[in-house]
Each structure stands twice: as structure tokens, then as C-alpha cells.
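Pasting start_4.cif here (mmCIF, C-alpha atoms and all ligand atoms):
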data_input
loop_
_atom_site.label_atom_id
_atom_site.label_comp_id
_atom_site.auth_asym_id
_atom_site.auth_seq_id
_atom_site.Cartn_x
_atom_site.Cartn_y
_atom_site.Cartn_z
CA MET A 1282 124.08 121.73 94.57
CA SER A 1283 126.30 124.00 96.67
CA ASP A 1284 130.05 123.42 96.76
CA VAL A 1285 130.39 122.24 100.37
CA PRO A 1286 133.69 120.29 100.61
CA LYS A 1287 133.39 116.67 101.81
CA THR A 1288 135.90 117.49 104.56
CA HIS A 1289 133.53 120.00 106.16
CA PRO A 1290 132.65 118.70 109.68
CA ARG A 1291 128.93 119.19 109.01
CA TYR A 1292 129.02 117.95 105.42
CA LEU A 1293 126.07 115.53 105.76
CA SER A 1294 123.79 118.08 107.36
CA LEU A 1295 124.67 120.65 104.69
CA THR A 1296 124.08 118.09 101.94
CA LEU A 1297 120.59 117.45 103.32
CA ARG A 1298 119.95 121.20 103.07
CA ASP A 1299 120.84 121.00 99.39
CA THR A 1300 118.44 118.08 98.98
CA ILE A 1301 115.52 119.91 100.57
CA VAL A 1302 116.26 123.06 98.55
CA ALA A 1303 116.28 120.91 95.40
CA GLY A 1304 112.90 119.52 96.51
CA VAL A 1305 111.49 123.07 96.60
CA GLU A 1306 113.02 123.90 93.22
CA GLN A 1307 111.41 120.80 91.69
CA GLY A 1308 108.03 121.73 93.16
CA ILE A 1309 107.89 118.65 95.42
CA THR A 1310 108.59 120.30 98.77
CA SER A 1311 106.58 123.25 100.03
CA VAL A 1312 108.53 126.42 100.76
CA HIS A 1313 107.22 125.98 104.32
CA GLY A 1314 109.11 122.70 104.30
CA LEU A 1315 112.36 124.68 104.54
CA ILE A 1316 111.25 126.08 107.89
CA ALA A 1317 110.22 122.62 109.11
CA HIS A 1318 113.61 121.31 107.98
CA GLY A 1319 115.43 124.06 109.91
CA ARG A 1320 113.49 123.14 113.02
CA GLY A 1321 114.48 119.53 112.51
CA GLU A 1322 118.13 120.51 112.02
CA ALA A 1323 118.18 122.31 115.36
CA PHE A 1324 116.89 119.23 117.18
CA ASP A 1325 119.23 116.97 115.23
CA TYR A 1326 122.15 119.12 116.39
CA LEU A 1327 121.02 118.73 120.02
CA ILE A 1328 120.56 114.99 119.59
CA GLY A 1329 124.10 114.64 118.22
CA GLU A 1330 123.24 113.95 114.54
CA THR A 1331 123.34 110.24 115.16
CA THR A 1332 120.76 107.55 116.00
CA GLN A 1333 120.58 107.42 119.79
CA PRO A 1334 119.49 104.39 121.90
CA PHE A 1335 115.98 105.84 122.49
CA ALA A 1336 115.52 105.96 118.71
CA THR A 1337 116.85 102.43 118.27
CA GLU A 1338 114.30 101.22 120.81
CA ALA A 1339 111.45 103.00 119.00
CA ILE A 1340 112.65 101.71 115.63
CA HIS A 1341 112.57 98.16 117.00
CA ALA A 1342 108.99 98.63 118.27
CA ALA A 1343 107.94 100.34 115.02
CA ALA A 1344 109.34 97.43 113.03
CA ALA A 1345 107.27 95.07 115.18
CA MET A 1346 104.10 97.12 114.79
CA LEU A 1347 104.47 97.44 111.02
CA TYR A 1348 105.39 93.78 110.69
CA LEU A 1349 102.20 92.78 112.54
CA ALA A 1350 99.95 95.30 110.75
CA GLU A 1351 97.21 93.95 108.52
CA HIS A 1352 96.96 97.00 106.31
CA PRO A 1353 99.94 99.30 106.84
CA VAL A 1354 100.15 102.49 104.74
CA ILE A 1355 103.04 104.91 104.24
CA SER A 1356 102.02 108.56 104.16
CA VAL A 1357 104.27 110.83 102.10
CA ASN A 1358 104.58 114.61 102.32
CA GLY A 1359 106.80 117.04 100.42
CA ASN A 1360 109.75 116.91 102.81
CA VAL A 1361 109.99 113.14 103.10
CA ALA A 1362 109.55 112.65 99.35
CA ALA A 1363 112.56 114.89 98.70
CA LEU A 1364 114.75 113.55 101.52
CA ALA A 1365 114.16 109.81 101.35
CA PRO A 1366 112.31 108.56 98.26
CA ASP A 1367 114.28 105.31 98.04
CA GLY A 1368 113.81 104.49 101.74
CA LEU A 1369 110.03 105.01 101.46
CA ILE A 1370 109.83 102.78 98.41
CA GLU A 1371 111.93 100.07 100.07
CA LEU A 1372 109.71 100.19 103.17
CA GLY A 1373 106.63 99.81 100.96
CA ARG A 1374 108.22 96.86 99.17
CA ILE A 1375 109.15 95.03 102.40
CA LEU A 1376 105.70 95.56 103.93
CA ASN A 1377 103.80 95.17 100.68
CA ALA A 1378 102.21 98.47 101.70
CA PRO A 1379 101.05 101.34 99.51
CA LEU A 1380 102.63 104.80 99.53
CA GLU A 1381 100.01 107.55 99.71
CA VAL A 1382 100.61 111.24 99.02
CA ASN A 1383 99.15 113.41 101.77
CA ILE A 1384 100.23 117.03 102.13
CA PHE A 1385 99.35 119.86 104.47
CA HIS A 1386 100.05 122.94 102.32
CA THR A 1387 97.74 122.90 99.31
CA GLU A 1388 99.57 123.91 96.12
CA THR A 1389 98.42 123.25 92.57
CA GLY A 1390 100.08 120.21 91.06
CA ARG A 1391 102.38 119.40 93.99
CA GLU A 1392 100.60 116.16 94.93
CA GLN A 1393 100.91 114.97 91.34
CA ARG A 1394 104.59 115.98 91.15
CA ILE A 1395 105.32 114.01 94.34
CA ARG A 1396 103.59 110.99 92.83
CA GLU A 1397 105.54 111.24 89.59
CA TYR A 1398 108.81 111.70 91.50
CA LEU A 1399 108.20 108.51 93.50
CA LEU A 1400 107.22 106.59 90.36
CA ARG A 1401 110.45 107.75 88.66
CA HIS A 1402 112.35 106.44 91.69
CA GLY A 1403 110.76 103.01 91.17
CA ALA A 1404 107.57 102.99 93.28
CA PRO A 1405 105.19 100.42 91.75
CA ASP A 1406 102.19 102.65 92.47
CA VAL A 1407 101.36 105.69 94.56
CA LEU A 1408 97.89 106.38 95.98
CA MET A 1409 96.51 109.90 95.82
CA PRO A 1410 94.08 111.82 98.05
CA THR A 1411 90.42 111.66 97.02
CA THR A 1412 87.19 113.37 98.03
CA GLU A 1413 85.51 109.94 98.29
CA ALA A 1414 87.20 109.16 101.60
CA GLN A 1415 87.78 111.75 104.31
CA LEU A 1416 89.25 111.55 107.78
CA SER A 1417 87.08 112.70 110.67
CA TYR A 1418 88.26 115.19 113.34
CA ILE A 1419 90.37 117.27 110.91
CA ASP A 1420 89.71 120.28 108.67
CA SER A 1421 92.95 120.73 106.71
CA ASN A 1422 93.83 119.35 103.26
CA ARG A 1423 95.17 116.31 105.08
CA LYS A 1424 91.63 115.01 105.56
CA PHE A 1425 91.39 113.89 101.92
CA VAL A 1426 92.64 110.31 101.71
CA HIS A 1427 92.41 107.24 99.52
CA PRO A 1428 89.69 104.67 100.39
CA ASN A 1429 92.13 101.76 99.98
CA GLY A 1430 95.00 103.58 101.65
CA ILE A 1431 95.06 105.70 104.81
CA PHE A 1432 91.26 105.45 105.19
CA LYS A 1433 91.37 101.69 105.56
CA ALA A 1434 94.78 101.39 107.28
CA ASP A 1435 95.23 99.89 110.73
CA VAL A 1436 98.77 101.29 111.07
CA VAL A 1437 99.92 104.49 109.34
CA PHE A 1438 103.59 105.42 108.99
CA VAL A 1439 103.57 109.22 109.10
CA PRO A 1440 107.01 110.83 109.17
CA LEU A 1441 107.35 114.61 109.78
CA GLU A 1442 103.78 115.32 110.64
CA ASP A 1443 102.16 118.61 111.59
CA GLY A 1444 100.16 117.31 114.56
CA ASP A 1445 96.50 117.57 113.64
CA ARG A 1446 96.29 114.50 111.49
CA CYS A 1447 98.13 112.32 113.97
CA GLU A 1448 95.48 113.18 116.54
CA ALA A 1449 92.67 112.51 114.02
CA LEU A 1450 94.13 109.16 113.01
CA ARG A 1451 94.42 108.11 116.65
CA GLN A 1452 90.83 109.21 117.34
CA MET A 1453 89.76 107.04 114.41
CA GLY A 1454 91.37 104.07 116.15
CA LYS A 1455 94.44 103.77 113.94
CA ALA A 1456 97.96 103.24 115.23
CA VAL A 1457 100.51 105.84 114.13
CA VAL A 1458 104.25 105.42 113.75
CA THR A 1459 106.04 108.72 113.29
CA VAL A 1460 109.59 110.00 112.84
CA ASP A 1461 110.06 113.41 114.43
CA LEU A 1462 113.26 115.01 115.66
CA ASN A 1463 111.27 117.09 118.15
CA PRO A 1464 110.26 114.90 121.12
CA MET A 1465 108.00 117.73 122.37
CA SER A 1466 105.87 118.08 119.24
CA ARG A 1467 102.16 117.24 119.37
CA THR A 1468 102.75 114.45 116.90
CA ALA A 1469 105.56 113.00 118.99
CA LYS A 1470 103.30 112.92 122.04
CA GLN A 1471 100.22 111.58 120.29
CA ALA A 1472 101.74 108.89 118.09
CA SER A 1473 101.71 105.26 119.16
CA ILE A 1474 105.44 105.06 118.41
CA THR A 1475 107.75 108.05 117.93
CA ILE A 1476 111.18 107.62 116.43
CA VAL A 1477 113.15 110.68 117.54
CA ASP A 1478 115.72 110.63 114.77
CA ASN A 1479 116.35 112.07 111.34
CA VAL A 1480 114.14 110.32 108.80
CA VAL A 1481 117.14 109.75 106.51
CA ARG A 1482 118.88 107.72 109.23
CA ALA A 1483 115.77 106.03 110.64
CA LEU A 1484 114.29 104.63 107.42
CA PRO A 1485 117.09 102.20 106.49
CA LEU A 1486 117.23 100.98 110.11
CA LEU A 1487 113.47 100.47 110.14
CA CYS A 1488 113.63 98.42 106.93
CA GLU A 1489 116.43 96.31 108.38
CA GLY A 1490 114.43 95.83 111.62
CA ILE A 1491 111.32 94.58 109.80
CA ARG A 1492 113.33 92.02 107.83
CA ASP A 1493 114.65 90.53 111.11
CA PHE A 1494 111.27 89.88 112.81
CA SER A 1495 109.31 86.74 113.56
CA ASP A 1496 105.73 86.76 114.96
CA PRO A 1497 106.32 85.90 118.66
CA SER A 1498 109.26 88.29 119.05
CA ALA A 1499 107.26 91.12 117.46
CA GLN A 1500 104.35 90.63 119.90
CA ASP A 1501 106.72 90.65 122.89
CA THR A 1502 108.51 93.77 121.67
CA LEU A 1503 105.24 95.68 121.38
CA LYS A 1504 104.01 94.58 124.80
CA ARG A 1505 107.17 95.90 126.46
CA TYR A 1506 107.29 99.25 124.61
CA SER A 1507 106.45 102.58 126.26
CA ASN A 1508 106.40 105.65 124.00
CA ALA A 1509 106.21 107.99 127.00
CA ALA A 1510 109.41 106.48 128.42
CA VAL A 1511 111.20 106.82 125.08
CA LEU A 1512 110.21 110.50 124.77
CA LYS A 1513 111.34 111.14 128.34
CA GLU A 1514 114.70 109.60 127.55
CA ALA A 1515 115.03 111.74 124.40
CA LEU A 1516 114.38 114.89 126.45
CA ARG A 1517 116.85 113.79 129.09
CA HIS A 1518 119.47 113.28 126.39
CA ILE A 1519 118.83 116.75 124.94
CA SER A 1520 119.12 118.43 128.34
CA ARG A 1521 122.36 116.52 129.06
CA SER A 1522 123.82 117.67 125.73
CA GLY A 1523 122.92 121.25 126.74
CA ASN A 1524 125.04 120.78 129.87
CA GLY A 1525 128.02 119.80 127.73
CA ASP A 1526 127.99 116.13 128.88
O1 LIG B 1 104.48 118.78 102.24
P1 LIG B 1 103.52 119.29 103.28
O2 LIG B 1 102.65 120.40 102.76
O3 LIG B 1 102.68 118.19 103.87
O4 LIG B 1 104.36 119.90 104.47
C1 LIG B 1 105.27 119.12 105.22
C2 LIG B 1 105.74 119.88 106.47
C3 LIG B 1 106.86 119.08 107.10
C4 LIG B 1 106.24 121.26 106.06
C5 LIG B 1 104.51 120.03 107.41
O5 LIG B 1 104.06 118.76 107.79
C6 LIG B 1 104.83 120.86 108.62
O6 LIG B 1 104.63 122.06 108.65
O7 LIG B 1 105.37 120.19 109.62
P2 LIG B 1 105.81 120.87 111.03
O8 LIG B 1 104.60 121.20 111.83
O9 LIG B 1 106.82 121.93 110.80
O10 LIG B 1 106.49 119.64 111.72
C7 LIG B 1 107.56 118.97 111.16
C8 LIG B 1 108.28 118.23 112.27
O11 LIG B 1 109.25 117.41 111.64
C9 LIG B 1 109.02 119.14 113.24
O12 LIG B 1 108.80 118.70 114.57
C10 LIG B 1 110.50 118.97 112.87
O13 LIG B 1 111.34 119.04 114.00
C11 LIG B 1 110.51 117.56 112.30
N1 LIG B 1 111.54 117.34 111.27
C12 LIG B 1 112.00 118.20 110.33
N2 LIG B 1 112.92 117.61 109.54
C13 LIG B 1 113.04 116.34 109.97
C14 LIG B 1 112.15 116.15 111.08
N3 LIG B 1 112.04 114.97 111.73
C15 LIG B 1 112.79 113.94 111.27
N4 LIG B 1 113.66 114.04 110.21
C16 LIG B 1 113.80 115.20 109.54
N5 LIG B 1 114.65 115.29 108.50
#
Show how you would write the structure in this file as C-alpha cells.
Amino acid sequence: MSDVPKTHPRYLSLTLRDTIVAGVEQGITSVHGLIAHGRGEAFDYLIGETTQPFATEAIHAAAAMLYLAEHPVISVNGNVAALAPDGLIELGRILNAPLEVNIFHTETGREQRIREYLLRHGAPDVLMPTTEAQLSYIDSNRKFVHPNGIFKADVVFVPLEDGDRCEALRQMGKAVVTVDLNPMSRTAKQASITIVDNVVRALPLLCEGIRDFSDPSAQDTLKRYSNAAVLKEALRHISRSGNGD
């Protein structure tokens, strides 16, 4: 870890950099993940490095959708595994949903290392990609899924996605909940619910939100939710911050 003093005004952001670098060093995070993280950092800076009301609204709707899901699945890539292993495991525990490793950049042994890392953090089990079940409408490594996991899911929680798979999952009739700091990304636009927030802040709030739900309130929340309106509000917020407001 670097020696950033706790008094540094951007201590938390710099600590997350250390975490993602450690993920690369342990062979969990792809080296490309550093670039993705930098992109996320830039948007987080514009958003104000705090959970904004548009994210709270999406978290509330995501909690409802996951609460009502019959077979929710949590998709894990190399960035999320490094940044928030405990939050992913807690979400799986609350939903009684499996975690499934699904990565974009193919690297020997990385899927297995992610699995072992999550197991060491206390995950009861972690599903792995297979050649038995494949997603349609997609050519990348992300098409290989587990038959009892993403393949069969009605709702997939997919934080920090690269775009293609979100579209494929939607075309296959699945609902997608994503966390993406960029409200303009393809994933953000195509997901059923987009939480424009840092995954490390959003996950604990999402877990808390699911614990608070009852059936009728969850249905109502989903009926009222508009992802397009939430993304519009996120963009408005970013442009206001650019004006120094
Ligand atoms: O482990 P792999 O091989 O599956 O690769 C994972 C990454 C993230 C590298 C891969 O999916 C990728 O290349 O993603 P993209 O296309 O760079 O998109 C990542 C999105 O996540 C971008 O829109 C970033 O702004 C956003 N992002 C980055 N860090 C965070 C984030 N969103 C929320 N929280 C973050 N900490």
C-alpha cells in the first residue's frame, strides 16, 4: 500500500487506487481494469464522490427488483472482486443468490483466482463459466456462463460492465441491474436499472435497501421507476458541477 496520509483530502479515492493495484498484483484484476478504474474515478470526481439522490432512487428500485426476483444472480469481474468482495458476498447472502465469475479479458487462471479470493472472503460457493451454457447475441469470453447461474437468471446484477453483455442479457429477456459511474455508457443506457455511483458506496446501500422491503412496496417502487429519467438527472448534475454550482 502507498503511504497516503489519512488527512489527505482525497484519501478515500487514493486508497481505492491502492486496492485496485493490489487486485492486479494478485492476478484478480486485469491490467485493463486500471484504465476502467481511472475512467470511473473521473466520473466520480464530477459526481462529487458521494451518493447523489439519482443514485439513491436507482438503489431503491434495484433493491425492489432484486427482492422480487425469482432467480437473481450476481456477476463478478476482476474490478468488482478486488474493490468490494465483502459487499458482493453480503448481497448474495441476503438474496440467497449465487455469485458467478464472468470476465471480459481472458487471462489464464484469473477466473479461478477470483473464485478462490471470494471463497477466502467467506463466499459459500462461486459459480464459474462453462461451455455447456452460452449467451446468445455476444461473441466475447463473457458468453460462457453457468447453466444454474446467469443462464437461468431472471435478474442479473452486473456492476462495471463493458456494454456488450448487458445488451445480450436484455435481448435474452433478462432484467439487468448495473452500477456504472458513467451515465453515458452503453451499459448505463441499456440496463433496466442503472446506479450511477461508485460500487463501493452503492453495495452496502443496496444490501440495506433489500432488507427493508415488503412485497407491495417493492411492486409500487418498480412501477414508478424510470431509468431514463434517472440518467438524465445524473447528466444534469454533472453539467451543473462543471459550471461550479
Ligand atoms: O475483469 P474483466 O476482464 O471482466 O474486466 C473488467 C473491466 C471493468 C475492465 C471491463 O468490464 C471493462 O473494460 O469495462 P469498461 O468498458 O471500461 O467499463 C467499465 C465502466 O465502469 C466504465 O463506465 C467506468 O466509468 C465504470 N467504473 C469504473 N470504476 C467504477 C465504475 N463504476 C462504478 N464504480 C467503480 N468503482
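The list of residues with at least one atom within 8 Å of A:Ala1350, based on all atoms listed in the file and without residues fewer than 4 positions apart in the same chain, reads Met1346, Asp1435 and Val1436 of chain A.
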Preceding selection exported with C-alpha atoms as an mmCIF file, in the frame of the given file:
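Wrote out-v2.cif, looks like this:
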data_model
loop_
_atom_site.group_PDB
_atom_site.id
_atom_site.type_symbol
_atom_site.label_atom_id
_atom_site.label_comp_id
_atom_site.auth_asym_id
_atom_site.auth_seq_id
_atom_site.Cartn_x
_atom_site.Cartn_y
_atom_site.Cartn_z
ATOM 1 C CA MET A 1346 104.100 97.120 114.790
ATOM 2 C CA ASP A 1435 95.230 99.890 110.730
ATOM 3 C CA VAL A 1436 98.770 101.290 111.070
#
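Here atom CA of A:Asp1284 stands at a distance of 9.9 Å from atom CA of A:Asp1299.
For ligand LIG 1 (chain B), the set of protein, DNA and RNA residues within 6 Å, based on all atoms listed in the file, reads A:Thr1310, A:Ser1311, A:His1313, A:Gly1314, A:Ala1317, A:His1318, A:Arg1320, A:Gly1321, A:Asn1358, A:Gly1359, A:Asn1360, A:Ile1384, A:Phe1385, A:His1386, A:Leu1441, A:Glu1442, A:Asp1443, A:Val1460, A:Asp1461, A:Leu1462, A:Asn1463, A:Ser1466, A:Asp1478, A:Asn1479, A:Val1480.
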Can you work out which one of A:Pro1353, A:Gly1403, A:Gly1308, A:Pro1410 has the shortest atom-to-atom distance to A:Gly1368, counting only C-alpha atoms?
A:Gly1403
Write out as number ranges by chain each polymer residue whose atoms come within 9 Å of A:Gln1307, counting all atoms listed in the file; drop sequence neighbours fewer than 4 positions from it.
A: 1302-1303, 1394
Give the centre and edge lengths of an axis-aligned box, in Å to one decimal, that holds all listed atoms of stretch 1390-1400 of chain A with 8 Å on each side, as AutoDock Vina command-line options.
--center_x 104.4 --center_y 113.4 --center_z 92.3 --size_x 24.7 --size_y 29.6 --size_z 21.3
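Taking atom CA of A:Asp1445 as the reference point, atom CA of A:Ile1419 is found at 6.7 Å.
Atom CA of A:Ser1294 is positioned 11.7 Å from atom CA of A:Leu1364.
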Counting only C-alpha atoms, closest pick from A:Ile1474, A:Val1361, A:Ile1375, A:Thr1468 relative to A:Leu1503 is A:Ile1474
Just the residues within 8 Å of A:Val1437, please, counting all atoms listed in the file, with nothing from its chain fewer than 2 positions along; format it as a JSON list (two decimals) with C-alpha atoms, keeping the file's coordinate frame.
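And here is the file that came out, out_30.json:
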[["chain", "number", "residue", "atom", "x", "y", "z"],
["A", 1353, "PRO", "CA", 99.94, 99.30, 106.84],
["A", 1354, "VAL", "CA", 100.15, 102.49, 104.74],
["A", 1355, "ILE", "CA", 103.04, 104.91, 104.24],
["A", 1356, "SER", "CA", 102.02, 108.56, 104.16],
["A", 1431, "ILE", "CA", 95.06, 105.70, 104.81],
["A", 1434, "ALA", "CA", 94.78, 101.39, 107.28],
["A", 1435, "ASP", "CA", 95.23, 99.89, 110.73],
["A", 1439, "VAL", "CA", 103.57, 109.22, 109.10],
["A", 1455, "LYS", "CA", 94.44, 103.77, 113.94],
["A", 1456, "ALA", "CA", 97.96, 103.24, 115.23],
["A", 1457, "VAL", "CA", 100.51, 105.84, 114.13],
["A", 1458, "VAL", "CA", 104.25, 105.42, 113.75]]
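Ranking A:Thr1411, A:Thr1459, A:Ser1473, A:Thr1502 by their shortest atom-to-atom distance to A:Glu1338, with all atoms listed in the file included, puts A:Thr1502 first.
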May I have the protein, DNA and RNA residues with any atom at most 10 Å from the point (106.2, 101.4, 122.0), counting only C-alpha atoms, written as a list of chain:residue names?
A:Glu1338, A:Ala1339, A:Ile1340, A:His1341, A:Ala1342, A:Ala1343, A:Ala1345, A:Met1346, A:Val1458, A:Ala1472, A:Ser1473, A:Ile1474, A:Thr1475, A:Ile1476, A:Thr1502, A:Leu1503, A:Lys1504, A:Arg1505, A:Tyr1506, A:Ser1507, A:Asn1508, A:Ala1509, A:Ala1510, A:Val1511
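Residues with at least one atom no more than 12 Å from (88.7, 115.2, 92.5), using only C-alpha atoms, are Met1409, Pro1410, Thr1411, Thr1412, Glu1413, Ala1414, Phe1425, Val1426 and His1427 of chain A.
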Please complete stretch 1420-1444 of chain A so it has N, CA and C atoms, and hand it over as an mmCIF file, keeping the file's coordinate frame.
data_model
loop_
_atom_site.group_PDB
_atom_site.id
_atom_site.type_symbol
_atom_site.label_atom_id
_atom_site.label_comp_id
_atom_site.auth_asym_id
_atom_site.auth_seq_id
_atom_site.Cartn_x
_atom_site.Cartn_y
_atom_site.Cartn_z
ATOM 1 N N ASP A 1420 90.263 119.380 109.683
ATOM 2 C CA ASP A 1420 89.710 120.280 108.670
ATOM 3 C C ASP A 1420 90.677 120.560 107.524
ATOM 4 N N SER A 1421 91.975 120.341 107.736
ATOM 5 C CA SER A 1421 92.950 120.730 106.710
ATOM 6 C C SER A 1421 92.905 119.794 105.504
ATOM 7 N N ASN A 1422 93.710 120.142 104.491
ATOM 8 C CA ASN A 1422 93.830 119.350 103.260
ATOM 9 C C ASN A 1422 94.196 117.892 103.546
ATOM 10 N N ARG A 1423 94.751 117.666 104.728
ATOM 11 C CA ARG A 1423 95.170 116.310 105.080
ATOM 12 C C ARG A 1423 93.998 115.351 105.274
ATOM 13 N N LYS A 1424 92.774 115.911 105.320
ATOM 14 C CA LYS A 1424 91.630 115.010 105.560
ATOM 15 C C LYS A 1424 91.297 114.167 104.333
ATOM 16 N N PHE A 1425 91.721 114.622 103.144
ATOM 17 C CA PHE A 1425 91.390 113.890 101.920
ATOM 18 C C PHE A 1425 92.354 112.711 101.753
ATOM 19 N N VAL A 1426 91.800 111.514 101.764
ATOM 20 C CA VAL A 1426 92.640 110.310 101.710
ATOM 21 C C VAL A 1426 92.106 109.340 100.660
ATOM 22 N N HIS A 1427 92.846 108.246 100.486
ATOM 23 C CA HIS A 1427 92.410 107.240 99.520
ATOM 24 C C HIS A 1427 91.628 106.142 100.249
ATOM 25 N N PRO A 1428 90.494 105.689 99.677
ATOM 26 C CA PRO A 1428 89.690 104.670 100.390
ATOM 27 C C PRO A 1428 90.444 103.374 100.649
ATOM 28 N N ASN A 1429 91.374 103.008 99.759
ATOM 29 C CA ASN A 1429 92.130 101.760 99.980
ATOM 30 C C ASN A 1429 93.477 102.008 100.632
ATOM 31 N N GLY A 1430 93.724 103.245 101.025
ATOM 32 C CA GLY A 1430 95.000 103.580 101.650
ATOM 33 C C GLY A 1430 94.795 103.966 103.106
ATOM 34 N N ILE A 1431 95.101 105.227 103.419
ATOM 35 C CA ILE A 1431 95.060 105.700 104.810
ATOM 36 C C ILE A 1431 93.676 105.440 105.440
ATOM 37 N N PHE A 1432 92.619 105.609 104.644
ATOM 38 C CA PHE A 1432 91.260 105.450 105.190
ATOM 39 C C PHE A 1432 91.051 104.071 105.796
ATOM 40 N N LYS A 1433 91.630 103.062 105.124
ATOM 41 C CA LYS A 1433 91.370 101.690 105.560
ATOM 42 C C LYS A 1433 92.504 101.135 106.446
ATOM 43 N N ALA A 1434 93.585 101.894 106.589
ATOM 44 C CA ALA A 1434 94.780 101.390 107.280
ATOM 45 C C ALA A 1434 94.525 101.098 108.757
ATOM 46 N N ASP A 1435 95.220 100.079 109.275
ATOM 47 C CA ASP A 1435 95.230 99.890 110.730
ATOM 48 C C ASP A 1435 96.462 100.549 111.342
ATOM 49 N N VAL A 1436 97.560 100.600 110.595
ATOM 50 C CA VAL A 1436 98.770 101.290 111.070
ATOM 51 C C VAL A 1436 99.222 102.243 109.957
ATOM 52 N N VAL A 1437 99.461 103.511 110.329
ATOM 53 C CA VAL A 1437 99.920 104.490 109.340
ATOM 54 C C VAL A 1437 101.312 104.968 109.738
ATOM 55 N N PHE A 1438 102.236 104.879 108.787
ATOM 56 C CA PHE A 1438 103.590 105.420 108.990
ATOM 57 C C PHE A 1438 103.554 106.853 108.476
ATOM 58 N N VAL A 1439 103.764 107.801 109.397
ATOM 59 C CA VAL A 1439 103.570 109.220 109.100
ATOM 60 C C VAL A 1439 104.801 110.024 109.524
ATOM 61 N N PRO A 1440 105.849 110.044 108.735
ATOM 62 C CA PRO A 1440 107.010 110.830 109.170
ATOM 63 C C PRO A 1440 106.804 112.331 108.978
ATOM 64 N N LEU A 1441 107.397 113.140 109.834
ATOM 65 C CA LEU A 1441 107.350 114.610 109.780
ATOM 66 C C LEU A 1441 105.940 115.162 109.632
ATOM 67 N N GLU A 1442 105.195 114.973 110.657
ATOM 68 C CA GLU A 1442 103.780 115.320 110.640
ATOM 69 C C GLU A 1442 103.557 116.683 111.276
ATOM 70 N N ASP A 1443 102.401 117.293 110.999
ATOM 71 C CA ASP A 1443 102.160 118.610 111.590
ATOM 72 C C ASP A 1443 101.296 118.562 112.851
ATOM 73 N N GLY A 1444 100.854 117.396 113.253
ATOM 74 C CA GLY A 1444 100.160 117.310 114.560
ATOM 75 C C GLY A 1444 98.696 116.963 114.456
#
